[in-house]
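Q: This is the structure I have questions about; it appears just below.
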Amino acid sequence: MALQVDNLQDHGSEHCSPGGQYSYRVIGACCRLFDREELPWPCCRLAWRSKEPSWRRIGRRFVADLASRRCPSYAVEVLEPGSRPTRTVITLFPLRLSPALQEWWYSKQPASLDPACQRPPAASAGRADPNDPAASPPVSLSGL
C-alpha cells in the first residue's frame with residue numbers, strides 16, 4: 001500500500017532516492033505535464049481498426065499526466081558523488097498525494113491560478129510564526 005503525503009518537501013532540503021542510488025536537493029514542487037504532440041501520428045494499419053489518434057489536435061497541447069497526477073513531482077538537482085549536479089524532474093510513484101494536496105497540485109479551478117496560491121492551504125496554515133527562520137519562502141518555478 002502506498003504512503004500518503006500531506007505536505008511538500010521543503011526547498012533546498014536533501015533526500016535520498018527511493019532506491020538509495022543517489023541523493024537529490026529539492027528545487028520546488030512541479031506539475032508533470034504530458035505533451036499531446038508526442039502522440040503517435042495515424043497510419044493505415046488494419047490492427048488499429050480505425051481507433052487511431054486523429055490528425056486534428058483539438059484542445060490543449062499540454063495536459064496533466066494521468067500516470068503521475070496522484071504522486072508528488074519535484075524539480076530537483078541530482079547530487080551524485082564525483083559528477084556535476086544535474087537538474088531534472090522526479091516523480092515519487094511509491095507515494096500518494098492526500099486528496100486536499102492533490103486538489104492544490106493539479107487543480108482545474110480558476111482560483112488556483114492566483115499567484116498568491118503558491119503553497120497548499122494545509123502547509124501554509126501550519127506555519128503560525130512568519131518570523132520563524134525554519135519557514136521557507138514560497139518557491140517560484142518560473143526560471144526552470
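To be explicit about the labels: the chains of the C-alpha cells are called A, B, and onward in the order shown, and within each one the residues are counted from 1, while ligands get numbers from 1 in the order they are shown.
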Just list the residues in stretch 68-97 of chain A DSSP gives strand (DSSP E) on the backbone, as a ChimeraX atom specification.
A: /A:73-79,86-91,95-97
Q: Go ahead and write the residues just picked, N, CA and C atoms, as a PDB file, in the first residue's frame.
A:
```pdb
ATOM      1  N   SER A  73       5.550  15.331  -7.646  1.00  0.00           N
ATOM      2  CA  SER A  73       6.669  15.539  -8.576  1.00  0.00           C
ATOM      3  C   SER A  73       7.436  16.773  -8.132  1.00  0.00           C
ATOM      4  N   TYR A  74       8.750  16.694  -8.241  1.00  0.00           N
ATOM      5  CA  TYR A  74       9.600  17.799  -7.809  1.00  0.00           C
ATOM      6  C   TYR A  74      10.662  18.090  -8.854  1.00  0.00           C
ATOM      7  N   ALA A  75      10.961  19.378  -9.034  1.00  0.00           N
ATOM      8  CA  ALA A  75      12.147  19.777  -9.780  1.00  0.00           C
ATOM      9  C   ALA A  75      13.291  19.633  -8.796  1.00  0.00           C
ATOM     10  N   VAL A  76      14.298  18.843  -9.174  1.00  0.00           N
ATOM     11  CA  VAL A  76      15.387  18.531  -8.247  1.00  0.00           C
ATOM     12  C   VAL A  76      16.736  18.702  -8.919  1.00  0.00           C
ATOM     13  N   GLU A  77      17.743  18.702  -8.097  1.00  0.00           N
ATOM     14  CA  GLU A  77      19.130  18.695  -8.540  1.00  0.00           C
ATOM     15  C   GLU A  77      19.727  17.391  -8.015  1.00  0.00           C
ATOM     16  N   VAL A  78      20.051  16.467  -8.919  1.00  0.00           N
ATOM     17  CA  VAL A  78      20.595  15.168  -8.524  1.00  0.00           C
ATOM     18  C   VAL A  78      22.044  15.357  -8.101  1.00  0.00           C
ATOM     19  N   LEU A  79      22.368  14.868  -6.912  1.00  0.00           N
ATOM     20  CA  LEU A  79      23.705  15.026  -6.342  1.00  0.00           C
ATOM     21  C   LEU A  79      24.392  13.662  -6.334  1.00  0.00           C
ATOM     22  N   THR A  86      22.882  17.559 -11.596  1.00  0.00           N
ATOM     23  CA  THR A  86      22.040  17.553 -12.782  1.00  0.00           C
ATOM     24  C   THR A  86      20.616  17.929 -12.386  1.00  0.00           C
ATOM     25  N   ARG A  87      20.025  18.881 -13.095  1.00  0.00           N
ATOM     26  CA  ARG A  87      18.640  19.276 -12.818  1.00  0.00           C
ATOM     27  C   ARG A  87      17.682  18.425 -13.641  1.00  0.00           C
ATOM     28  N   THR A  88      16.655  17.916 -12.966  1.00  0.00           N
ATOM     29  CA  THR A  88      15.655  17.097 -13.635  1.00  0.00           C
ATOM     30  C   THR A  88      14.370  17.128 -12.821  1.00  0.00           C
ATOM     31  N   VAL A  89      13.366  16.420 -13.283  1.00  0.00           N
ATOM     32  CA  VAL A  89      12.101  16.297 -12.566  1.00  0.00           C
ATOM     33  C   VAL A  89      11.932  14.837 -12.174  1.00  0.00           C
ATOM     34  N   ILE A  90      11.634  14.604 -10.901  1.00  0.00           N
ATOM     35  CA  ILE A  90      11.366  13.243 -10.471  1.00  0.00           C
ATOM     36  C   ILE A  90       9.947  13.158  -9.934  1.00  0.00           C
ATOM     37  N   THR A  91       9.329  12.009 -10.126  1.00  0.00           N
ATOM     38  CA  THR A  91       8.014  11.728  -9.590  1.00  0.00           C
ATOM     39  C   THR A  91       8.162  10.568  -8.617  1.00  0.00           C
ATOM     40  N   LEU A  95       4.668   7.120  -3.407  1.00  0.00           N
ATOM     41  CA  LEU A  95       3.900   7.999  -2.525  1.00  0.00           C
ATOM     42  C   LEU A  95       2.633   8.462  -3.223  1.00  0.00           C
ATOM     43  N   ARG A  96       1.583   8.686  -2.448  1.00  0.00           N
ATOM     44  CA  ARG A  96       0.318   9.199  -2.983  1.00  0.00           C
ATOM     45  C   ARG A  96      -0.014  10.512  -2.286  1.00  0.00           C
ATOM     46  N   LEU A  97      -0.526  11.463  -3.063  1.00  0.00           N
ATOM     47  CA  LEU A  97      -0.932  12.755  -2.508  1.00  0.00           C
ATOM     48  C   LEU A  97      -2.252  12.602  -1.760  1.00  0.00           C
TER      49      LEU A  97
END
```
Q: Can you tell me which residues surround A:Arg36 at a distance of at most 9 Å, considering only C-alpha atoms, apart from same-chain residues fewer than 4 positions away, and format the answer as a PDB file with C-alpha atoms, in the first residue's frame?
A:
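Output contents, as saved in around_27.pdb:
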```
ATOM      1  CA  ARG A  57      -5.230  18.025 -32.386  1.00  0.00           C
ATOM      2  CA  ARG A  60      -4.766  21.954 -25.015  1.00  0.00           C
ATOM      3  CA  ARG A  61      -1.329  20.840 -26.071  1.00  0.00           C
ATOM      4  CA  PHE A  62      -0.076  20.215 -22.515  1.00  0.00           C
ATOM      5  CA  VAL A  63      -2.302  18.247 -20.126  1.00  0.00           C
TER       6      VAL A  63
END
```
Q: Between atom CA of A:Asp65 and atom CA of A:Glu80, what distance in Å does the model show, to one decimal?
A: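 Interatomic distance here is 27.7 Å.
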Q: Here is a test: counting only C-alpha atoms, which residue of A:Glu37, A:Glu103, A:Pro81, A:Gly20 is nearest to A:Gly59?
A: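 Ranking A:Glu37, A:Glu103, A:Pro81, A:Gly20 by distance to A:Gly59, first place goes to A:Glu37.
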Q: As a PyMOL selection string, please: the residues near A:Gln102 (cut-off 10 Å, only C-alpha atoms, same-chain neighbours under 5 positions excluded).
A: chain A and resi 5-6+69-72+96-97+107+120
